[in-house]
There are 2 protein chains.
Amino acid sequence: MSVKSKSEADTVAAAGFAEVYDPVKPYLADLDAFLQAQVSEMEPEVQDQVRYVFGHSGKRLRPMLVAYSGWEGAAPDRNAQLVKLGAVIELVHLATLVHDDILDEADTRHRQETAAKKFGTAAAVLVGDVLFSHALKMAADFPTTEVCRAVAQATARVCAGEIAQTYQRGEVNYDREFYFRVIQLKTAELFEVSCRLGAEVAGYSKAFAEAAGLFGRHLGIAYQIFDDLVDLYADESMIGKTLGTDLEKGKFTLPLLLLLEQLPAEERETLLARFKAGDASVASDFTKRLHDFPIFDAVVATFEAQLSEATAAVAPFAEEAPVRALQQIAELVRAQLGRIAQG
Amino acid sequence: MSVKSKSEADTVAAAGFAEVYDPVKPYLADLDAFLQAQVSEMEPEVQDQVRYVFGHSGKRLRPMLVAYSGWEGAAPDRNAQLVKLGAVIELVHLATLVHDDILDEADTRHRQETAAKKFGTAAAVLVGDVLFSHALKMAADFPTTEVCRAVAQATARVCAGEIAQTYQRGEVNYDREFYFRVIQLKTAELFEVSCRLGAEVAGYSKAFAEAAGLFGRHLGIAYQIFDDLVDLYADESMIGKTLGTDLEKGKFTLPLLLLLEQLPAEERETLLARFKAGDASVASDFTKRLHDFPIFDAVVATFEAQLSEATAAVAPFAEEAPVRALQQIAELVRAQLGRIAQG
């Protein structure tokens, strides 16, 4: 199987994630039952819309990270807590997706109409708010305020990352530092919190929880770089015009930033001027040039370095039960890159 | 001074609130300093927008309720907690205003451009999210999860109320029960939480905190009814075309619901048909008819009943220090109605 598109990439990664580790399947079943039960806890006015969002909500990547980081070796009474924690983080993630689709004016997600398209912008703003506030209400069920604090803080950072990205649209930002700042905020943050709180709620030591969080952070960065690569390099014959959708949305991903560094100054200026002027055909001119430089390999090296940092973070805790599964996920993500390269 | 418009009503009410009770002034000064200091705690990408929202953010009505319910008689070390609690609730309120202005497509609030107008819809969605998540992060600084839970729950309900209202636009809902449901969710909820948590954080008994919360809930309903009256009855010669703006936005407030019950069936059907067809001139035809029935008095009776319920809730706790200030606020709100009647 080759990766066909960006939304496919998510699906492929998640399917693989679920295969690494057997206990994830019952965990996901419990999670879905728990999420469905939450709908009836919400005010009647919002239940239909929330049920709709739950119905097409992707692959539960972040709750899976909660399970990986905590389920194995946790006391049985902690398992219900881990399901609730996964639900909190998934709700926050869904809230950000519902709001992101407003910003991106996206009509579909996971092949279904977005909430913004189906219910209108106004309702989508509110549905996102409801998902977020319900998540925080559930977070308050944990014995200490730590889950509330970490989840609220992560959400603030995810939004800050989205603001940074929204503001730079139009004004090109070639800065690699800026790129990493945005993915630290937008993606790595919730990956970190999923792993760190997963370990903490399961009762592992603070030191291991911090290490698991660091694992999550680097996995998140690697995962985002993988996503960038899929957008530009995945089996082009099958992608057709969906290739380079990030650039069409004004997002300069890592491969494009590296390309800009390599292009002759004059060509770079011309392409950027066309981009700023809103010339739609510039995306394909950028992507054509990608293959004239060893950019794929450079991006892969960055990706591999992030995965190595992820596994190094938990390596000192080899005696802890979750570490084997975490290492396997890192391997799985690494292996998926091969599919693009062969695409 | 007569009340000139809806946004004036807020200002008048709040100015009066601050006069009732001397310690509110230093409290508000501390609150403003605290809010300003929070800006630098946020990610750099969002600071400018948040500072802008703080700069034109109304009169801190909800934090004042926190102060009324807790400041008097609180141990000195609780005062900093009450300032933080007021800030949490104010941030949640500001977040809902920023998002409401997107829904209402409002260009100005408190005579300044809304965040939606100034920064665009996309940024306003995110700025609201940042304010809300920062509020919940601060809520996690309290020793127990109670503040997180109450604030998150209240936010979910405020959003549900807004959804109920958004969905009924266009499809007229004449139902008084529906009207009260919406204001319970949209307004009364945060008033209740302000008073209840104010008393609780100050260290008062659970029983008094519940009573203070009930006071807040009924005060909130009364306050919303006052707001409805201002929109339709305040000194018309000075309001000009801003009269009846609720109806222009498709909101059937209590006076209009009572009018619909009184109008002859045929006239009611005709007016509603014109309203549904989007006839802009129907608003003034509704408001003209308001004076032909004793609707003002009926609405005032409902308003008074809510204020009586508010004061009755705290009456059994006369020995508690905050009760006198709470009773005075209720009197103040009652007295303001006289200004409309004389308008």
# chains A, B, ... in the order shown; residues from 1 in each chain; ligands from 1

call {"tool": "closest_atom_pairs", "arguments": {"of": "chain B", "to": "chain A", "cutoff": "6 Å", "atoms": "only C-alpha atoms", "output": "JSON lines"}}
result
{"residue": "B:Glu45", "atom": "CA", "partner": "A:Ala164", "partner_atom": "CA", "distance": 5.8}
{"residue": "B:Leu103", "atom": "CA", "partner": "A:Ala122", "partner_atom": "CA", "distance": 4.9}
{"residue": "B:Ala122", "atom": "CA", "partner": "A:Leu103", "partner_atom": "CA", "distance": 4.9}
{"residue": "B:Leu126", "atom": "CA", "partner": "A:Cys159", "partner_atom": "CA", "distance": 5.8}
{"residue": "B:Val130", "atom": "CA", "partner": "A:Ala156", "partner_atom": "CA", "distance": 5.0}
{"residue": "B:Ser133", "atom": "CA", "partner": "A:Ala152", "partner_atom": "CA", "distance": 4.9}
{"residue": "B:Leu136", "atom": "CA", "partner": "A:Ala152", "partner_atom": "CA", "distance": 5.7}
{"residue": "B:Lys137", "atom": "CA", "partner": "A:Arg149", "partner_atom": "CA", "distance": 4.8}
{"residue": "B:Ala140", "atom": "CA", "partner": "A:Arg149", "partner_atom": "CA", "distance": 5.1}
{"residue": "B:Thr145", "atom": "CA", "partner": "A:Ala140", "partner_atom": "CA", "distance": 5.2}
{"residue": "B:Cys148", "atom": "CA", "partner": "A:Ala140", "partner_atom": "CA", "distance": 5.9}
{"residue": "B:Arg149", "atom": "CA", "partner": "A:Lys137", "partner_atom": "CA", "distance": 4.8}
{"residue": "B:Ala152", "atom": "CA", "partner": "A:Ser133", "partner_atom": "CA", "distance": 4.9}
{"residue": "B:Gln153", "atom": "CA", "partner": "A:Lys137", "partner_atom": "CA", "distance": 5.8}
{"residue": "B:Ala156", "atom": "CA", "partner": "A:Val130", "partner_atom": "CA", "distance": 5.0}
{"residue": "B:Cys159", "atom": "CA", "partner": "A:Leu126", "partner_atom": "CA", "distance": 5.8}
{"residue": "B:Ala160", "atom": "CA", "partner": "A:Glu45", "partner_atom": "CA", "distance": 5.9}
{"residue": "B:Ala164", "atom": "CA", "partner": "A:Glu45", "partner_atom": "CA", "distance": 5.7}

call {"tool": "select_by_dssp", "arguments": {"residues": "region 87-187 of chain B", "states": "strand (DSSP E or B)", "output": "list in words"}}
result
Thr108, Arg109, Gln112 and Glu113 of chain B
